[in-house]
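Student: Coordinates in data-v4.tsv, TSV, C-alpha atoms, are listed below.
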chain	number	residue	atom	x	y	z
O	1	MET	CA	-16.20	13.99	-33.57
O	2	ASN	CA	-13.63	16.47	-32.31
O	3	GLU	CA	-10.52	16.23	-34.50
O	4	GLN	CA	-7.24	17.50	-33.16
O	5	VAL	CA	-4.07	18.38	-34.98
O	6	PRO	CA	-0.91	16.62	-33.79
O	7	PRO	CA	1.90	18.90	-32.61
O	8	THR	CA	4.50	19.67	-35.25
O	9	SER	CA	7.03	21.37	-33.00
O	10	ASP	CA	8.72	20.03	-29.89
O	11	PRO	CA	6.77	21.30	-26.83
O	12	ARG	CA	9.60	20.61	-24.36
O	13	PRO	CA	11.61	23.52	-22.95
O	14	ALA	CA	15.01	23.99	-24.55
O	15	ASP	CA	16.90	24.11	-21.24
O	16	LEU	CA	15.90	20.73	-19.77
O	17	ILE	CA	18.21	19.22	-17.16
O	18	VAL	CA	18.78	15.51	-16.61
O	19	PRO	CA	18.19	14.77	-12.91
O	20	GLU	CA	19.85	12.04	-10.88
O	21	SER	CA	16.46	11.06	-9.45
O	22	LEU	CA	12.79	12.00	-9.38
O	23	VAL	CA	9.80	11.83	-7.06
O	24	VAL	CA	6.62	10.76	-8.86
O	25	LEU	CA	3.14	10.81	-7.33
O	26	HIS	CA	0.03	9.05	-8.65
O	27	THR	CA	-3.09	10.11	-6.76
O	28	GLY	CA	-6.81	10.47	-7.38
O	29	ASP	CA	-9.96	8.36	-7.22
O	30	GLY	CA	-9.37	6.50	-10.48
O	31	LYS	CA	-8.02	3.04	-11.18
O	32	GLY	CA	-4.43	2.63	-12.29
O	33	LYS	CA	-2.21	4.29	-9.68
O	34	THR	CA	-0.51	1.09	-8.57
O	35	THR	CA	-0.43	-0.17	-12.14
O	36	ALA	CA	1.42	2.97	-13.24
O	37	ALA	CA	3.89	2.58	-10.37
O	38	ILE	CA	4.51	-1.08	-11.22
O	39	GLY	CA	5.09	-0.07	-14.83
O	40	THR	CA	7.80	2.33	-13.68
O	41	ALA	CA	9.31	-0.41	-11.50
O	42	VAL	CA	9.41	-2.80	-14.47
O	43	ARG	CA	11.05	-0.16	-16.67
O	44	ALA	CA	13.70	0.60	-14.04
O	45	ARG	CA	14.40	-3.09	-13.43
O	46	ALA	CA	14.80	-3.66	-17.18
O	47	LEU	CA	17.61	-1.09	-17.03
O	48	GLY	CA	19.28	-3.11	-14.29
O	49	TRP	CA	18.28	-0.88	-11.38
O	50	PRO	CA	17.74	-2.40	-7.96
O	51	VAL	CA	14.02	-1.82	-7.27
O	52	ILE	CA	11.74	-2.43	-4.30
O	53	VAL	CA	7.95	-2.11	-4.04
O	54	LEU	CA	6.50	-1.54	-0.57
O	55	GLN	CA	2.74	-1.75	-0.13
O	56	PHE	CA	1.36	-0.16	3.03
O	57	ILE	CA	-2.27	-1.38	3.07
O	58	LYS	CA	-2.31	-4.69	1.20
O	59	SER	CA	-1.59	-7.74	3.30
O	60	GLY	CA	1.39	-10.02	2.85
O	61	GLN	CA	-1.11	-12.91	2.87
O	62	TRP	CA	-2.46	-11.79	-0.51
O	63	LYS	CA	-0.66	-13.06	-3.58
O	64	SER	CA	-1.49	-10.46	-6.20
O	65	GLY	CA	-0.51	-10.60	-9.84
O	66	GLU	CA	1.65	-7.50	-9.38
O	67	GLU	CA	3.61	-9.18	-6.58
O	68	GLU	CA	4.14	-12.38	-8.57
O	69	SER	CA	5.20	-10.42	-11.67
O	70	CYS	CA	7.59	-8.20	-9.76
O	71	ARG	CA	9.24	-11.11	-8.01
O	72	ALA	CA	9.65	-12.97	-11.33
O	73	LEU	CA	11.47	-9.92	-12.70
O	74	GLY	CA	13.80	-9.61	-9.73
O	75	ILE	CA	11.99	-6.71	-8.10
O	76	GLU	CA	11.91	-6.91	-4.31
O	77	PHE	CA	8.34	-6.74	-3.04
O	78	ALA	CA	6.78	-6.47	0.41
O	79	ALA	CA	3.10	-6.13	1.28
O	80	LEU	CA	3.31	-4.77	4.81
O	81	GLY	CA	-0.28	-3.96	5.77
O	82	ALA	CA	-3.17	-5.81	7.34
O	83	GLY	CA	-5.56	-5.44	4.42
O	84	PHE	CA	-8.56	-3.24	3.78
O	85	THR	CA	-9.51	-1.12	6.78
O	86	TRP	CA	-13.19	-2.04	6.39
O	87	ASP	CA	-12.25	-5.67	7.10
O	88	SER	CA	-10.18	-4.77	10.17
O	89	THR	CA	-10.98	-6.23	13.55
O	90	ASN	CA	-8.12	-4.36	15.22
O	91	MET	CA	-7.50	-0.89	13.81
O	92	GLN	CA	-4.79	-0.15	16.38
O	93	ASN	CA	-2.86	-3.15	15.05
O	94	ASP	CA	-3.28	-1.77	11.50
O	95	ILE	CA	-1.86	1.58	12.65
O	96	THR	CA	1.08	-0.14	14.37
O	97	LEU	CA	1.80	-2.15	11.19
O	98	ALA	CA	1.63	1.04	9.14
O	99	ARG	CA	4.09	2.85	11.38
O	100	THR	CA	6.46	-0.12	11.33
O	101	ALA	CA	6.15	-0.27	7.54
O	102	TRP	CA	6.94	3.44	7.20
O	103	ASN	CA	10.01	3.05	9.43
O	104	ARG	CA	11.16	0.20	7.20
O	105	ALA	CA	10.55	2.31	4.08
O	106	ALA	CA	12.49	5.22	5.58
O	107	GLU	CA	15.43	2.87	6.22
O	108	TYR	CA	15.37	1.72	2.58
O	109	ILE	CA	15.24	5.31	1.37
O	110	ARG	CA	18.13	6.45	3.59
O	111	ALA	CA	20.25	3.38	2.74
O	112	GLY	CA	20.33	4.23	-0.96
O	113	SER	CA	20.68	0.58	-2.01
O	114	HIS	CA	17.69	0.78	-4.41
O	115	ARG	CA	17.58	3.23	-7.30
O	116	LEU	CA	13.78	3.08	-7.33
O	117	ILE	CA	11.50	2.69	-4.34
O	118	VAL	CA	7.75	2.40	-4.87
O	119	LEU	CA	5.69	3.48	-1.85
O	120	ASP	CA	2.32	2.06	-2.84
O	121	GLU	CA	-0.67	3.32	-0.83
O	122	LEU	CA	1.51	5.67	1.25
O	123	THR	CA	-0.87	8.61	0.89
O	124	TYR	CA	-3.47	6.85	3.04
O	125	LEU	CA	-1.12	6.62	6.02
O	126	CYS	CA	-0.59	10.37	5.78
O	127	SER	CA	-4.21	11.39	5.22
O	128	TRP	CA	-5.40	9.16	8.08
O	129	ASN	CA	-2.70	10.63	10.38
O	130	TRP	CA	-1.21	7.19	11.01
O	131	ILE	CA	2.25	8.64	10.27
O	132	GLU	CA	3.60	12.19	10.20
O	133	THR	CA	3.47	13.67	6.70
O	134	ASP	CA	6.22	16.18	7.54
O	135	GLU	CA	8.53	13.27	8.40
O	136	VAL	CA	7.66	11.52	5.13
O	137	VAL	CA	8.40	14.67	3.15
O	138	ASP	CA	11.68	15.20	5.03
O	139	VAL	CA	12.91	11.64	4.52
O	140	ILE	CA	12.09	11.67	0.82
O	141	ALA	CA	13.51	15.17	0.29
O	142	ARG	CA	16.79	14.12	1.97
O	143	ARG	CA	17.10	10.82	0.10
O	144	PRO	CA	20.40	9.92	-1.60
O	145	SER	CA	20.71	11.81	-4.87
O	146	ASP	CA	20.31	8.74	-7.11
O	147	VAL	CA	17.20	7.28	-5.39
O	148	SER	CA	13.91	7.85	-7.20
O	149	VAL	CA	10.62	7.41	-5.34
O	150	VAL	CA	7.13	6.67	-6.67
O	151	ILE	CA	4.20	7.32	-4.31
O	152	THR	CA	0.62	6.17	-4.85
O	153	GLY	CA	-2.76	6.51	-3.19
O	154	ARG	CA	-5.86	8.66	-3.05
O	155	ASP	CA	-6.15	12.05	-1.38
O	156	ALA	CA	-2.48	12.99	-1.48
O	157	ASP	CA	-1.55	15.61	1.07
O	158	PRO	CA	-0.61	18.93	-0.60
O	159	ARG	CA	2.89	18.58	0.91
O	160	LEU	CA	3.38	15.33	-1.04
O	161	VAL	CA	2.08	16.98	-4.20
O	162	ALA	CA	4.53	19.86	-3.72
O	163	LEU	CA	7.41	17.43	-3.09
O	164	ALA	CA	6.79	15.48	-6.30
O	165	ASP	CA	8.64	16.36	-9.48
O	166	THR	CA	5.75	14.80	-11.37
O	167	ALA	CA	2.27	14.57	-9.84
O	168	SER	CA	-0.60	12.96	-11.71
O	169	GLU	CA	-4.22	12.71	-10.72
O	170	VAL	CA	-6.05	9.62	-11.92
O	171	ARG	CA	-9.72	10.47	-12.26
O	172	SER	CA	-12.47	7.88	-12.41
O	173	LEU	CA	-15.00	8.28	-15.21
O	174	HIS	CA	-16.76	5.14	-14.00
O	175	HIS	CA	-15.71	1.85	-12.46
O	176	ALA	CA	-16.87	-1.74	-12.85
O	177	TYR	CA	-17.98	-1.62	-9.20
O	178	ASP	CA	-20.54	1.02	-10.24
O	179	ARG	CA	-22.13	-1.69	-12.40
O	180	GLY	CA	-22.00	-4.36	-9.72
O	181	ILE	CA	-18.90	-6.06	-11.17
O	182	ALA	CA	-16.30	-7.38	-8.70
O	183	ALA	CA	-12.54	-6.97	-9.07
O	184	MET	CA	-11.09	-9.50	-11.49
O	185	ARG	CA	-7.85	-11.38	-10.85
O	186	GLY	CA	-5.39	-10.66	-13.63
O	187	VAL	CA	-6.97	-7.32	-14.51
O	188	ASP	CA	-7.55	-5.64	-11.14
O	189	PHE	CA	-5.11	-7.53	-8.94
Let me see the file written as structure tokens.
Tutor:
Amino acid sequence: MNEQVPPTSDPRPADLIVPESLVVLHTGDGKGKTTAAIGTAVRARALGWPVIVLQFIKSGQWKSGEEESCRALGIEFAALGAGFTWDSTNMQNDITLARTAWNRAAEYIRAGSHRLIVLDELTYLCSWNWIETDEVVDVIARRPSDVSVVITGRDADPRLVALADTASEVRSLHHAYDRGIAAMRGVDF
């Protein structure tokens, strides 16, 4: 067993500033990116912030546990996609929905009416070239000063990583799928 010694001095820099807002990115191939984003949304809502979660891939026909929980807490929630791309029968329609969803997200960001905006699965739209990453970066960089943004999804473009104040990579050690176990309602969705 590898024992570690807990820190006994504060590791934070002495000259920390308190920002009006942050951009947070959760990327990587591991499970928990959306869960982390929803946790941030819950925390912000508990402080009385207006919060919205926008999902770019998941379909509005799905009723996930995260959507039900968010709505119960007064968090606005919109699943704007068509569902998993491997189930698609009309990829062009998926792309059109994605572009419409991004335009809606950009309007929310510019409006400044929410102190926290979660852009769940946004990285996919950028990495698949369904929307322009430079536009995404520009809209988020020019957001109102008190609007924080959380972005999730695999394969984040380096421009999104550079934009983020905090960027975390969630790495999979193994997944239940690897053992033939399906996603479980209440734990996975």
Student: Which residues of region 85-163 of chain O have any atom within 9 Å of an atom in region 39-44 of chain O when counting all atoms listed in the file, and what is the closest pair of atoms for each, with the distance in Å to one decimal? Order the rows by chain and rising number and write it as a tab-separated table.
Tutor:
residue	atom	partner	partner_atom	distance
O:Arg115	CA	O:Ala44	CA	8.2
O:Leu116	CA	O:Ala41	CA	7.0
O:Ile117	CA	O:Ala41	CA	8.1
O:Val118	CA	O:Ala41	CA	7.4
O:Val150	CA	O:Thr40	CA	8.3
Student: Between O:Gly186, O:Pro13, O:Pro19, O:Gly28, single out the one closest to Ser148 (chain O), counting all atoms listed in the file.
Tutor: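 Using all atoms listed in the file, Ser148 (chain O) sits closest to O:Pro19.
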Student: From the options O:Thr27, O:Thr34, O:Thr123, O:Ser21, which residue's atoms come nearest to Asp146 (chain O), counting all atoms listed in the file?
Tutor: O:Ser21
Student: Tell me which protein, DNA and RNA residues are within 9 Å of Ile109 (chain O), counting all atoms listed in the file, leaving out same-chain ones fewer than 4 positions away, and put them as a ChimeraX atom specification.
Tutor: /O:104-105,113-114,117,139-140,142-144,147,149
Student: Please measure the separation of CA of Ala162 (chain O) and CA of Ser59 (chain O), giving the value in Å to one decimal.
Tutor: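 Atom-to-atom, CA of Ala162 (chain O) and CA of Ser59 (chain O) are spaced 29.1 Å apart.
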Student: Any idea what the distance is between CA of Gly180 (chain O) and CA of Lys31 (chain O)?
Tutor: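 Going from CA of Gly180 (chain O) over to CA of Lys31 (chain O) covers 15.9 Å.
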Student: What's the 12 Å shell around Arg71 (chain O), counting all atoms listed in the file, without same-chain residues fewer than 2 positions away, as a PyMOL selection string?
Tutor: chain O and resi 38+41-42+45+51-53+63-69+73-78
Student: Work out how far apart CA of Ser145 (chain O) and CA of Ile57 (chain O) are and give it in Å to one decimal.
Tutor: 27.7 Å
Student: Extract, using only C-alpha atoms, all DNA, RNA and protein residues at most 8 Å from Asp94 (chain O), discarding same-chain residues fewer than 3 positions from it, and format them as JSON, numbers by chain.
Tutor: {"O": [81, 82, 85, 88, 90, 91, 97, 98]}
Student: Hey, what's within 12 Å of Ser172 (chain O) if we count only C-alpha atoms and toss same-chain stuff fewer than 5 positions away? As a PyMOL selection string, please?
Tutor: chain O and resi 27-33+154+177-178
Student: Nearest to Glu169 (chain O) among O:Leu47, O:Leu25, O:Ile181, O:Ala79, with distances taken over only C-alpha atoms: which residue is it?
Tutor: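 Among the listed residues, the smallest separation from Glu169 (chain O) belongs to O:Leu25.
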Student: Name all residues at most 10 Å from Ile131 (chain O) (count all atoms listed in the file; drop same-chain ones fewer than 3 positions away) and give them as a PDB file with C-alpha atoms, in the coordinates of the input.
Tutor:
ATOM      1  CA  ILE O  95      -1.860   1.580  12.650  1.00  0.00           C
ATOM      2  CA  THR O  96       1.080  -0.140  14.370  1.00  0.00           C
ATOM      3  CA  ALA O  98       1.630   1.040   9.140  1.00  0.00           C
ATOM      4  CA  ARG O  99       4.090   2.850  11.380  1.00  0.00           C
ATOM      5  CA  THR O 100       6.460  -0.120  11.330  1.00  0.00           C
ATOM      6  CA  TRP O 102       6.940   3.440   7.200  1.00  0.00           C
ATOM      7  CA  ASN O 103      10.010   3.050   9.430  1.00  0.00           C
ATOM      8  CA  LEU O 122       1.510   5.670   1.250  1.00  0.00           C
ATOM      9  CA  THR O 123      -0.870   8.610   0.890  1.00  0.00           C
ATOM     10  CA  TYR O 124      -3.470   6.850   3.040  1.00  0.00           C
ATOM     11  CA  LEU O 125      -1.120   6.620   6.020  1.00  0.00           C
ATOM     12  CA  CYS O 126      -0.590  10.370   5.780  1.00  0.00           C
ATOM     13  CA  SER O 127      -4.210  11.390   5.220  1.00  0.00           C
ATOM     14  CA  TRP O 128      -5.400   9.160   8.080  1.00  0.00           C
ATOM     15  CA  ASP O 134       6.220  16.180   7.540  1.00  0.00           C
ATOM     16  CA  GLU O 135       8.530  13.270   8.400  1.00  0.00           C
ATOM     17  CA  VAL O 136       7.660  11.520   5.130  1.00  0.00           C
TER      18      VAL O 136
END
Student: So, with only C-alpha atoms as the atoms that count, which of O:Ala141, O:Lys58, O:Ala111, O:His26 lies closest to Ala156 (chain O)?
Tutor: O:His26
